[in-house]
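Report on the following structure.
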Amino acid sequence: MPMVEVLNLEKDYGKVKALKGISFSVNEGEIFGLIGPNGAGKSTTLKILSTLLKPTGGTARIAGHDVVKEAEKVRGLISYLPEEAGAYKNLTGYEYLQFMAKLYAKDEEKAKKMLELGVELSGLGERLHDKVATYSKGMARKLLIARALMVKPKLAILDEPASGLDIVNAYSIRQMIRRFAREEGVTFLLSSHNMLEVEYLCHRVALINKGQIVDVGTPKELKDKYGAENLEEVFMTAVGKKISEPIGGEGA
Ligand SMILES: Nc1ncnc2c1ncn2[C@@H]1O[C@H](COP(=O)(O)OP(=O)(O)OP(=O)(O)O)[C@@H](O)[C@H]1O
């Protein structure tokens with residue numbers, strides 16, 4: 001059974017058709033990237049899979065559970081990092097992780113272990129004892145990624161995980177994602193518009209444009225298929241061939 005199964009998923013925001021019937025699946029243990037330009041429908045897809053938004057058509061399942069009909073069950077399996085995530089700014093980073101560990105863990109011992117892992121993953125050292133309000137964008141991002149991973153979800157849904165991070169921090173986040181996929185068996189579904197980064201990180205990718213999946217495959221398969229040197233070239237060729245309108249979301 002796939003970890004994620006999306007079938008003919010549609011989402012209309014009033015007149016805007018953000019998703020026009022997309023289908024893809026993600027296998028257990030896979031790092032899967034949803035890539036596409038601004039407004040393509042990436043965040044909408046991830047929000048539906050995280051049970052925060054209801055689709056207007058089609059279905060989506062996580063480990064066999066319907067994201068609408070079995071939303072509670074799905075929430076117990078996933079961790080979701082939104083694109084624009086605010087932490088509790090008046091807490092210190094440490095207090096924030098502690099609060100979340102207590103919320104998620106079943107007992108004190110597990111909460112302690114979770115917190116230790118969160119502290120390590122954040123890489124924030126002494127700054128963890130400063131208020132979140134004083135953090136840079138990148139530091140806040142690292143704190144939130146640590147929070148998402150310390151609970152060791154079955155599926156981590158990360159919207160633009162490296163957004164706002166410098167190359168050193170983006171690199172360490174990618175290493176962390178790989179390590180969690182390999183050692184903890186966590187499945188990752190992430191979005192990015194940084195195609196080169198995704199190429200380096202993901203086992204398979206889906207190219208999304210204007211609410212439609214243009215192609216799916218391993219970076220190598222796609223590069224071979226389009227005779228391209230990198231995913232950026234793949235994307236431009238795939239989109240140019242299949243869609244004659246300008247690249248981007250509805251109205252872009
Ligand atoms: N709450 C909303 N109300 C109306 N339209 C929306 C809403 N949220 C998203 N949209 C529209 O849906 C389309 C897809 O948006 P979405 O945020 O899913 O794209 P994205 O691929 O995540 O883009 P980005 O890379 O810029 O974050 C866009 O045309 C956007 O304007």
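By order of appearance in the structure tokens: chains A, B, ..., then residues from 1 within every chain, and ligands from 1 in the order shown.
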Within 10 Å of range 196-214 of chain A: each range 145-191 of chain A residue with its shortest pair, only C-alpha atoms, as a tab-separated table:
```
residue	atom	partner	partner_atom	distance
A:Ala162	CA	A:Glu197	CA	9.2
A:Ala170	CA	A:Glu197	CA	9.1
A:Tyr171	CA	A:Glu197	CA	9.2
A:Arg174	CA	A:Leu201	CA	6.7
A:Gln175	CA	A:Leu201	CA	8.7
A:Ile177	CA	A:Leu201	CA	8.4
A:Arg178	CA	A:Leu201	CA	7.5
A:Phe188	CA	A:Cys202	CA	8.9
A:Leu189	CA	A:Cys202	CA	9.2
A:Leu190	CA	A:Cys202	CA	8.9
A:Ser191	CA	A:Val198	CA	8.5
```
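Assigned to alpha helix (DSSP H) in range 57-114 of chain A, given DSSP computed from backbone atoms, are A:Ala71, A:Glu72, A:Lys73, A:Val74, A:Arg75, A:Gly93, A:Tyr94, A:Glu95, A:Tyr96, A:Leu97, A:Gln98, A:Phe99, A:Met100, A:Ala101, A:Lys102, A:Leu103, A:Tyr104, A:Glu108, A:Glu109, A:Lys110, A:Ala111, A:Lys112, A:Lys113, A:Met114.
Proximity of A:Val234, A:Met3, A:Leu81, A:Ala40 to ligand 1, computed with only C-alpha atoms and all ligand atoms, is greatest for A:Ala40.
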Give me, as CSV, the closest atom pair and its distance (Å, one decimal) for every residue of chain A within a cut-off of 7 Å of ligand 1, counting only C-alpha atoms and all ligand atoms, rows sorted by chain and rising number.
```
residue,atom,partner,partner_atom_place_in_ligand_line,distance
A:Tyr13,CA,ligand 1,4 (C),4.7
A:Gly14,CA,ligand 1,4 (C),6.9
A:Val16,CA,ligand 1,5 (N),6.1
A:Lys17,CA,ligand 1,12 (O),6.8
A:Ala18,CA,ligand 1,12 (O),4.2
A:Gly36,CA,ligand 1,21 (O),6.2
A:Pro37,CA,ligand 1,25 (O),5.6
A:Asn38,CA,ligand 1,26 (O),3.3
A:Gly39,CA,ligand 1,19 (O),3.4
A:Ala40,CA,ligand 1,21 (O),3.7
A:Gly41,CA,ligand 1,18 (O),3.2
A:Lys42,CA,ligand 1,21 (O),3.7
A:Ser43,CA,ligand 1,22 (O),3.5
A:Thr44,CA,ligand 1,18 (O),3.7
A:Thr45,CA,ligand 1,18 (O),6.5
A:His193,CA,ligand 1,25 (O),6.2
A:Gly211,CA,ligand 1,14 (C),7.0
A:Gly249,CA,ligand 1,29 (O),4.5
A:Glu250,CA,ligand 1,29 (O),4.3
A:Gly251,CA,ligand 1,29 (O),6.4
```
Problem set entry | Residues near Gly21 in chain A, cut-off 8 Å, only C-alpha atoms, skip fewer than 2 positions along chain, as a PyMOL selection string | chain A and resi 7-10+19+23+57-58+211-212
Can I get the selected residues back with C-alpha atoms, as a PDB file, in the first residue's frame?
```pdb
ATOM      1  CA  LEU A   7      -6.539  10.403  -7.185  1.00  0.00           C
ATOM      2  CA  ASN A   8      -8.074  13.065  -9.450  1.00  0.00           C
ATOM      3  CA  LEU A   9      -7.771  15.656  -6.701  1.00  0.00           C
ATOM      4  CA  GLU A  10      -9.469  18.971  -7.399  1.00  0.00           C
ATOM      5  CA  LEU A  19      -6.019  21.784  -8.668  1.00  0.00           C
ATOM      6  CA  SER A  23      -2.996  11.998  -9.286  1.00  0.00           C
ATOM      7  CA  GLY A  57     -13.198  16.671  -5.979  1.00  0.00           C
ATOM      8  CA  GLY A  58     -11.222  13.424  -6.039  1.00  0.00           C
ATOM      9  CA  GLY A 211      -2.926  22.777 -11.114  1.00  0.00           C
ATOM     10  CA  GLN A 212      -1.893  19.837 -13.273  1.00  0.00           C
TER      11      GLN A 212
END
```
Problem set entry | Spatial neighbours of Thr187 in chain A, max dist 12 Å, only C-alpha atoms, sep filter under 3 positions, as a ChimeraX atom specification | /A:2-4,25-33,62-63,77-79,149,152-158,177-184,190,202-204
